[in-house]
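Structure file data-v6.pdb; described as PDB, C-alpha atoms, pLDDT in the B column.
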```pdb
ATOM      1  CA  MET A 336       1.939 -30.574 -15.841  1.00 90.00           C
ATOM      2  CA  ILE A 337       1.508 -27.218 -14.085  1.00 97.00           C
ATOM      3  CA  ASN A 338      -0.815 -24.767 -15.841  1.00 97.00           C
ATOM      4  CA  THR A 339      -1.756 -22.615 -12.840  1.00 98.00           C
ATOM      5  CA  VAL A 340       0.347 -20.730 -10.279  1.00 98.00           C
ATOM      6  CA  ILE A 341      -1.247 -19.374  -7.096  1.00 98.00           C
ATOM      7  CA  PHE A 342       0.783 -16.838  -5.133  1.00 98.00           C
ATOM      8  CA  ASP A 343       0.509 -15.884  -1.506  1.00 97.00           C
ATOM      9  CA  LEU A 344       0.636 -12.090  -1.293  1.00 96.00           C
ATOM     10  CA  ASP A 345       2.648 -10.782   1.641  1.00 92.00           C
ATOM     11  CA  GLY A 346       6.244 -11.996   1.660  1.00 91.00           C
ATOM     12  CA  VAL A 347       5.917 -13.385  -1.883  1.00 96.00           C
ATOM     13  CA  LEU A 348       4.695 -10.619  -4.201  1.00 97.00           C
ATOM     14  CA  VAL A 349       4.872  -7.677  -1.792  1.00 96.00           C
ATOM     15  CA  SER A 350       6.289  -6.892   1.627  1.00 92.00           C
ATOM     16  CA  THR A 351       4.023  -5.263   4.208  1.00 88.00           C
ATOM     17  CA  ASP A 352       5.585  -7.081   7.162  1.00 83.00           C
ATOM     18  CA  GLU A 353       6.708  -3.850   8.795  1.00 88.00           C
ATOM     19  CA  LEU A 354       3.225  -2.327   8.485  1.00 92.00           C
ATOM     20  CA  HIS A 355       1.643  -5.366  10.143  1.00 90.00           C
ATOM     21  CA  TYR A 356       4.267  -5.331  12.899  1.00 93.00           C
ATOM     22  CA  LEU A 357       3.728  -1.639  13.664  1.00 95.00           C
ATOM     23  CA  ALA A 358      -0.061  -2.067  13.725  1.00 96.00           C
ATOM     24  CA  TRP A 359       0.127  -5.017  16.137  1.00 96.00           C
ATOM     25  CA  LYS A 360       2.702  -3.201  18.273  1.00 96.00           C
ATOM     26  CA  ARG A 361       0.454  -0.131  18.479  1.00 97.00           C
ATOM     27  CA  LEU A 362      -2.434  -2.315  19.653  1.00 97.00           C
ATOM     28  CA  ALA A 363      -0.197  -4.104  22.175  1.00 97.00           C
ATOM     29  CA  GLU A 364       0.965  -0.802  23.668  1.00 96.00           C
ATOM     30  CA  GLU A 365      -2.639   0.394  23.995  1.00 96.00           C
ATOM     31  CA  LEU A 366      -3.363  -2.788  25.961  1.00 96.00           C
ATOM     32  CA  ASN A 367      -0.308  -2.159  28.183  1.00 95.00           C
ATOM     33  CA  ILE A 368       1.394  -5.221  26.737  1.00 94.00           C
ATOM     34  CA  THR A 369       5.130  -4.777  26.698  1.00 88.00           C
ATOM     35  CA  GLY A 370       7.729  -6.754  24.831  1.00 88.00           C
ATOM     36  CA  PHE A 371       5.847  -7.482  21.610  1.00 94.00           C
ATOM     37  CA  THR A 372       8.769  -8.118  19.277  1.00 94.00           C
ATOM     38  CA  LYS A 373       9.505  -8.854  15.641  1.00 91.00           C
ATOM     39  CA  ALA A 374      10.112 -12.456  16.699  1.00 92.00           C
ATOM     40  CA  ASP A 375       6.484 -12.530  17.889  1.00 92.00           C
ATOM     41  CA  ASN A 376       5.477 -10.968  14.577  1.00 89.00           C
ATOM     42  CA  GLU A 377       7.242 -13.796  12.719  1.00 85.00           C
ATOM     43  CA  ARG A 378       4.958 -16.269  14.492  1.00 87.00           C
ATOM     44  CA  GLN A 379       1.992 -14.455  12.934  1.00 86.00           C
ATOM     45  CA  ARG A 380       3.234 -15.209   9.417  1.00 76.00           C
ATOM     46  CA  GLY A 381       0.671 -16.979   7.265  1.00 69.00           C
ATOM     47  CA  VAL A 382      -2.064 -17.275   9.898  1.00 76.00           C
ATOM     48  CA  SER A 383      -5.399 -15.513  10.359  1.00 78.00           C
ATOM     49  CA  ARG A 384      -5.974 -12.175  12.050  1.00 86.00           C
ATOM     50  CA  MET A 385      -7.613 -13.822  15.070  1.00 90.00           C
ATOM     51  CA  GLU A 386      -4.758 -16.302  15.465  1.00 89.00           C
ATOM     52  CA  SER A 387      -2.303 -13.411  15.171  1.00 92.00           C
ATOM     53  CA  LEU A 388      -4.179 -11.598  17.941  1.00 96.00           C
ATOM     54  CA  GLU A 389      -3.675 -14.571  20.244  1.00 96.00           C
ATOM     55  CA  VAL A 390       0.105 -14.173  19.821  1.00 95.00           C
ATOM     56  CA  VAL A 391      -0.225 -10.606  21.117  1.00 96.00           C
ATOM     57  CA  LEU A 392      -2.562 -11.517  23.985  1.00 97.00           C
ATOM     58  CA  GLU A 393      -0.218 -14.235  25.264  1.00 94.00           C
ATOM     59  CA  LYS A 394       1.675 -11.417  26.983  1.00 91.00           C
ATOM     60  CA  SER A 395      -1.404  -9.935  28.629  1.00 94.00           C
ATOM     61  CA  ASP A 396      -2.510 -10.544  32.217  1.00 91.00           C
ATOM     62  CA  LYS A 397      -6.102  -9.890  31.221  1.00 93.00           C
ATOM     63  CA  SER A 398      -8.616 -12.305  29.697  1.00 95.00           C
ATOM     64  CA  TYR A 399     -10.816 -11.200  26.818  1.00 97.00           C
ATOM     65  CA  THR A 400     -14.167 -12.485  25.594  1.00 96.00           C
ATOM     66  CA  ASP A 401     -14.602 -13.551  21.983  1.00 96.00           C
ATOM     67  CA  ASP A 402     -16.535 -10.368  21.260  1.00 97.00           C
ATOM     68  CA  GLU A 403     -13.782  -8.227  22.788  1.00 97.00           C
ATOM     69  CA  LYS A 404     -11.196 -10.066  20.710  1.00 97.00           C
ATOM     70  CA  LYS A 405     -13.132  -9.337  17.528  1.00 96.00           C
ATOM     71  CA  VAL A 406     -13.130  -5.633  18.417  1.00 97.00           C
ATOM     72  CA  LEU A 407      -9.372  -5.710  19.068  1.00 97.00           C
ATOM     73  CA  ALA A 408      -8.656  -7.524  15.807  1.00 96.00           C
ATOM     74  CA  GLU A 409     -10.727  -4.984  13.900  1.00 95.00           C
ATOM     75  CA  LYS A 410      -8.907  -2.138  15.625  1.00 97.00           C
ATOM     76  CA  LYS A 411      -5.569  -3.566  14.515  1.00 96.00           C
ATOM     77  CA  ASN A 412      -6.887  -3.888  10.982  1.00 92.00           C
ATOM     78  CA  ASP A 413      -7.957  -0.241  11.056  1.00 95.00           C
ATOM     79  CA  TYR A 414      -4.422   0.744  12.030  1.00 96.00           C
ATOM     80  CA  TYR A 415      -3.041  -1.412   9.229  1.00 91.00           C
ATOM     81  CA  LYS A 416      -5.451   0.044   6.663  1.00 90.00           C
ATOM     82  CA  GLU A 417      -4.377   3.546   7.722  1.00 94.00           C
ATOM     83  CA  SER A 418      -0.805   2.639   6.827  1.00 92.00           C
ATOM     84  CA  LEU A 419      -1.912   1.295   3.426  1.00 90.00           C
ATOM     85  CA  ARG A 420      -2.999   4.756   2.285  1.00 90.00           C
ATOM     86  CA  ASP A 421       0.531   5.566   1.161  1.00 88.00           C
ATOM     87  CA  VAL A 422       1.381   2.121  -0.253  1.00 92.00           C
ATOM     88  CA  ASP A 423       2.574   2.009  -3.856  1.00 95.00           C
ATOM     89  CA  GLU A 424       4.676  -0.158  -6.169  1.00 96.00           C
ATOM     90  CA  SER A 425       7.724   0.352  -3.926  1.00 94.00           C
ATOM     91  CA  ILE A 426       6.609  -2.584  -1.729  1.00 96.00           C
ATOM     92  CA  ILE A 427       6.676  -5.052  -4.638  1.00 97.00           C
ATOM     93  CA  LEU A 428       9.343  -7.698  -4.026  1.00 95.00           C
ATOM     94  CA  PRO A 429      12.196  -8.430  -6.468  1.00 94.00           C
ATOM     95  CA  GLY A 430      11.208 -10.575  -9.433  1.00 96.00           C
ATOM     96  CA  ALA A 431       7.458 -10.406  -8.792  1.00 97.00           C
ATOM     97  CA  VAL A 432       6.405  -8.342 -11.809  1.00 98.00           C
ATOM     98  CA  GLU A 433       8.815 -10.140 -14.133  1.00 97.00           C
ATOM     99  CA  THR A 434       7.546 -13.531 -12.950  1.00 98.00           C
ATOM    100  CA  LEU A 435       3.882 -12.632 -13.390  1.00 98.00           C
ATOM    101  CA  LYS A 436       4.540 -11.333 -16.911  1.00 98.00           C
ATOM    102  CA  LEU A 437       6.565 -14.436 -17.808  1.00 97.00           C
ATOM    103  CA  LEU A 438       3.772 -16.746 -16.680  1.00 98.00           C
ATOM    104  CA  HIS A 439       1.168 -14.837 -18.663  1.00 97.00           C
ATOM    105  CA  GLU A 440       3.379 -14.988 -21.755  1.00 97.00           C
ATOM    106  CA  ARG A 441       3.453 -18.767 -21.394  1.00 96.00           C
ATOM    107  CA  GLY A 442      -0.301 -19.037 -21.062  1.00 97.00           C
ATOM    108  CA  VAL A 443      -0.206 -19.970 -17.380  1.00 98.00           C
ATOM    109  CA  LYS A 444      -3.195 -18.985 -15.240  1.00 98.00           C
ATOM    110  CA  VAL A 445      -2.213 -16.772 -12.314  1.00 98.00           C
ATOM    111  CA  GLY A 446      -4.021 -16.409  -8.994  1.00 98.00           C
ATOM    112  CA  VAL A 447      -3.477 -15.041  -5.517  1.00 98.00           C
ATOM    113  CA  GLY A 448      -4.413 -16.991  -2.381  1.00 98.00           C
ATOM    114  CA  SER A 449      -4.087 -14.928   0.788  1.00 95.00           C
ATOM    115  CA  ALA A 450      -5.779 -14.911   4.174  1.00 88.00           C
ATOM    116  CA  SER A 451      -5.814 -11.101   4.151  1.00 88.00           C
ATOM    117  CA  LYS A 452      -9.097  -9.320   3.477  1.00 88.00           C
ATOM    118  CA  ASN A 453      -7.000  -6.371   2.316  1.00 90.00           C
ATOM    119  CA  THR A 454      -5.610  -8.331  -0.647  1.00 94.00           C
ATOM    120  CA  PRO A 455      -7.677  -6.601  -3.393  1.00 96.00           C
ATOM    121  CA  ALA A 456      -6.765  -3.137  -2.067  1.00 93.00           C
ATOM    122  CA  ILE A 457      -3.046  -3.944  -1.966  1.00 95.00           C
ATOM    123  CA  LEU A 458      -3.101  -5.392  -5.492  1.00 97.00           C
ATOM    124  CA  ASP A 459      -4.825  -2.247  -6.747  1.00 96.00           C
ATOM    125  CA  LYS A 460      -2.477   0.169  -4.977  1.00 95.00           C
ATOM    126  CA  THR A 461       0.654  -1.613  -6.192  1.00 97.00           C
ATOM    127  CA  GLY A 462      -0.571  -1.977  -9.764  1.00 97.00           C
ATOM    128  CA  LEU A 463      -0.346  -5.783  -9.599  1.00 98.00           C
ATOM    129  CA  ALA A 464      -4.082  -6.344 -10.041  1.00 98.00           C
ATOM    130  CA  GLY A 465      -3.786  -6.261 -13.824  1.00 97.00           C
ATOM    131  CA  LEU A 466      -1.331  -9.171 -13.727  1.00 98.00           C
ATOM    132  CA  ILE A 467      -3.586 -11.442 -11.607  1.00 98.00           C
ATOM    133  CA  ASP A 468      -6.415 -13.489 -13.145  1.00 98.00           C
ATOM    134  CA  LYS A 469      -8.321 -14.383  -9.959  1.00 98.00           C
ATOM    135  CA  VAL A 470      -8.054 -13.591  -6.243  1.00 98.00           C
ATOM    136  CA  SER A 471      -9.015 -15.770  -3.280  1.00 98.00           C
ATOM    137  CA  CYS A 472      -8.671 -14.105   0.115  1.00 96.00           C
ATOM    138  CA  GLY A 473     -10.174 -13.625   3.551  1.00 90.00           C
ATOM    139  CA  LEU A 474     -13.293 -12.206   1.907  1.00 94.00           C
ATOM    140  CA  ASP A 475     -13.952 -15.658   0.415  1.00 96.00           C
ATOM    141  CA  THR A 476     -13.341 -17.852   3.465  1.00 95.00           C
ATOM    142  CA  ASP A 477     -12.747 -17.463   7.193  1.00 88.00           C
ATOM    143  CA  LYS A 478     -10.644 -20.621   7.271  1.00 91.00           C
ATOM    144  CA  SER A 479      -6.971 -19.713   7.478  1.00 87.00           C
ATOM    145  CA  LYS A 480      -3.890 -21.681   6.477  1.00 91.00           C
ATOM    146  CA  PRO A 481      -2.903 -24.481   7.041  1.00 94.00           C
ATOM    147  CA  GLU A 482      -6.497 -25.221   5.999  1.00 96.00           C
ATOM    148  CA  PRO A 483      -6.446 -25.486   2.182  1.00 98.00           C
ATOM    149  CA  ASP A 484      -9.633 -23.542   1.471  1.00 98.00           C
ATOM    150  CA  VAL A 485      -8.086 -20.303   0.184  1.00 97.00           C
ATOM    151  CA  PHE A 486      -6.058 -22.224  -2.425  1.00 98.00           C
ATOM    152  CA  LEU A 487      -8.901 -24.532  -3.403  1.00 98.00           C
ATOM    153  CA  ILE A 488     -11.167 -21.519  -3.926  1.00 98.00           C
ATOM    154  CA  ALA A 489      -8.486 -19.897  -6.104  1.00 98.00           C
ATOM    155  CA  ALA A 490      -8.201 -23.070  -8.202  1.00 98.00           C
ATOM    156  CA  GLU A 491     -11.982 -23.250  -8.576  1.00 98.00           C
ATOM    157  CA  LYS A 492     -12.159 -19.607  -9.687  1.00 98.00           C
ATOM    158  CA  LEU A 493      -9.408 -20.268 -12.226  1.00 98.00           C
ATOM    159  CA  GLY A 494     -11.065 -23.445 -13.485  1.00 98.00           C
ATOM    160  CA  SER A 495      -8.020 -25.553 -12.576  1.00 98.00           C
ATOM    161  CA  ASP A 496      -7.652 -28.972 -11.009  1.00 98.00           C
ATOM    162  CA  PRO A 497      -5.510 -28.875  -7.823  1.00 98.00           C
ATOM    163  CA  SER A 498      -3.073 -31.348  -9.397  1.00 97.00           C
ATOM    164  CA  GLU A 499      -2.325 -28.731 -12.068  1.00 97.00           C
ATOM    165  CA  CYS A 500      -1.523 -25.994  -9.532  1.00 98.00           C
ATOM    166  CA  LEU A 501       1.684 -24.716  -7.974  1.00 98.00           C
ATOM    167  CA  VAL A 502       1.492 -22.586  -4.817  1.00 98.00           C
ATOM    168  CA  VAL A 503       4.200 -20.000  -4.070  1.00 98.00           C
ATOM    169  CA  GLU A 504       4.471 -19.381  -0.313  1.00 97.00           C
ATOM    170  CA  ASP A 505       6.799 -17.989   2.357  1.00 94.00           C
ATOM    171  CA  SER A 506       5.233 -19.653   5.408  1.00 91.00           C
ATOM    172  CA  ALA A 507       5.109 -23.194   6.760  1.00 92.00           C
ATOM    173  CA  ALA A 508       1.349 -22.865   7.251  1.00 92.00           C
ATOM    174  CA  GLY A 509       0.975 -21.904   3.600  1.00 95.00           C
ATOM    175  CA  ILE A 510       3.066 -24.822   2.363  1.00 97.00           C
ATOM    176  CA  GLU A 511       1.046 -27.207   4.529  1.00 97.00           C
ATOM    177  CA  ALA A 512      -2.156 -25.720   3.081  1.00 97.00           C
ATOM    178  CA  ALA A 513      -0.831 -26.356  -0.427  1.00 98.00           C
ATOM    179  CA  LYS A 514      -0.095 -29.983   0.461  1.00 98.00           C
ATOM    180  CA  ARG A 515      -3.585 -30.463   1.899  1.00 98.00           C
ATOM    181  CA  ALA A 516      -4.999 -28.985  -1.302  1.00 98.00           C
ATOM    182  CA  GLY A 517      -3.074 -31.542  -3.378  1.00 98.00           C
ATOM    183  CA  MET A 518      -0.885 -28.866  -4.959  1.00 98.00           C
ATOM    184  CA  LYS A 519       2.843 -28.618  -5.539  1.00 97.00           C
ATOM    185  CA  SER A 520       4.708 -25.797  -3.824  1.00 97.00           C
ATOM    186  CA  LEU A 521       7.551 -23.328  -4.217  1.00 97.00           C
ATOM    187  CA  GLY A 522       8.896 -21.938  -0.942  1.00 97.00           C
ATOM    188  CA  VAL A 523      10.457 -18.470  -1.014  1.00 96.00           C
ATOM    189  CA  GLY A 524      11.725 -15.968   1.552  1.00 91.00           C
ATOM    190  CA  PRO A 525      14.335 -16.108   4.322  1.00 89.00           C
ATOM    191  CA  PHE A 526      13.079 -19.442   5.675  1.00 90.00           C
ATOM    192  CA  ASN A 527      12.461 -21.138   2.312  1.00 94.00           C
ATOM    193  CA  LYS A 528      14.628 -24.201   3.034  1.00 94.00           C
ATOM    194  CA  THR A 529      12.760 -24.977   6.264  1.00 94.00           C
ATOM    195  CA  LEU A 530       9.191 -24.820   4.924  1.00 95.00           C
ATOM    196  CA  GLY A 531       8.936 -28.315   3.450  1.00 95.00           C
ATOM    197  CA  ALA A 532       8.170 -27.067  -0.064  1.00 97.00           C
ATOM    198  CA  SER A 533       8.693 -29.076  -3.245  1.00 90.00           C
ATOM    199  CA  ILE A 534      11.068 -26.380  -4.578  1.00 94.00           C
ATOM    200  CA  CYS A 535      12.955 -23.584  -2.786  1.00 95.00           C
ATOM    201  CA  ALA A 536      14.281 -20.138  -3.751  1.00 94.00           C
ATOM    202  CA  ASP A 537      15.288 -17.020  -1.828  1.00 91.00           C
ATOM    203  CA  ASN A 538      12.860 -14.902  -3.865  1.00 91.00           C
ATOM    204  CA  LEU A 539      11.223 -14.754  -7.285  1.00 96.00           C
ATOM    205  CA  ALA A 540      14.322 -13.092  -8.768  1.00 93.00           C
ATOM    206  CA  ASP A 541      16.536 -15.974  -7.610  1.00 86.00           C
ATOM    207  CA  ASN A 542      16.992 -17.826 -10.929  1.00 84.00           C
ATOM    208  CA  VAL A 543      13.793 -19.836 -10.522  1.00 92.00           C
ATOM    209  CA  ASN A 544      13.736 -22.432 -13.322  1.00 92.00           C
ATOM    210  CA  TRP A 545      10.180 -21.985 -14.575  1.00 95.00           C
ATOM    211  CA  ASP A 546      10.764 -24.252 -17.588  1.00 92.00           C
ATOM    212  CA  ARG A 547      11.477 -27.140 -15.263  1.00 92.00           C
ATOM    213  CA  ILE A 548       8.694 -26.248 -12.825  1.00 93.00           C
ATOM    214  CA  LEU A 549       5.960 -25.910 -15.433  1.00 93.00           C
ATOM    215  CA  ASN A 550       6.915 -29.119 -17.222  1.00 87.00           C
TER     216      ASN A 550
END
```

So that I can check it, write out the structure of this file as structure tokens.
Amino acid sequence: MINTVIFDLDGVLVSTDELHYLAWKRLAEELNITGFTKADNERQRGVSRMESLEVVLEKSDKSYTDDEKKVLAEKKNDYYKESLRDVDESIILPGAVETLKLLHERGVKVGVGSASKNTPAILDKTGLAGLIDKVSCGLDTDKSKPEPDVFLIAAEKLGSDPSECLVVEDSAAGIEAAKRAGMKSLGVGPFNKTLGASICADNLADNVNWDRILN
């Protein structure tokens, strides 16, 4: 029986895809990298900042040291954090608030498992923080999905056994991480049917049968 639901953040509860894309594109242009596209940005879904940087640098003629890459990744994050200054509840995805409230009403423990170190700030700015019991993010582990660490840490913080947890994800890497953690999964978003999740839905407002899922 499921008594805990752990949500990925971006693409599941909120949408900051465009902000990430614009930050990476700004960095690419500064490095004289042309042709960084939204298709490239899609490949960055669900993976760490350093892995996302590699997608950008594939189009560069120049080689970078590990230290230089860390500086570039931090620069991109600075650009992204600049864009977060004006973020509010308008980036919350359909059905997110209603779903979180429903789960709390049923006594289900609710967590967030995201690779982003900006997760706490986004939850605060959108007003979602009060609907989340525990957060596991890039501040807790440097291991990104498909490694299961971020979800296992969330389960530990919530006092839940992995077998009692459901992960809600929009990326293949996230679904694989859930499987490695021994957790069931709900795939959402435009690619939900291709993620290999236990259950699929377009979004959290898409008539998700929580009675069936939780039991």

Handout entry: Nearby residues (all atoms listed in the file) at most 9 Å from range 349-365 of chain A, same-chain spacing under 4 positions excluded, as a VMD selection string
Key = chain A and resid 344 to 345 369 to 373 376 to 377 380 387 to 388 391 to 392 394 to 395 407 to 408 410 to 415 418 to 419 424 to 429 431 457 461

From the list A:Asp541, A:Asp505, A:Glu482, A:Glu386, the nearest residue to Leu521 in chain A using all atoms listed in the file is A:Asp505

- Could you pull the residues within 10 Å of Phe526 in chain A, counting all atoms listed in the file, minus those fewer than 4 positions along the same chain, as a PyMOL selection string? chain A and resi 505-507+522+530+535-537

Pairwise distance, CA of Ala464 in chain A with CA of Asn538 in chain A, equals 20.0 Å

Asp459 in chain A proximity check over A:Arg420, A:Asp496, A:Glu389, A:Ser479, using all atoms listed in the file: winner is A:Arg420

Point to revise | Explicit residues for the PyMOL selection byres ((chain A and resi 434) around 12) (as a PyMOL selection string) | key: chain A and resi 340+342+347-348+427-433+435-441+443+445+463+466-467+503+538-545
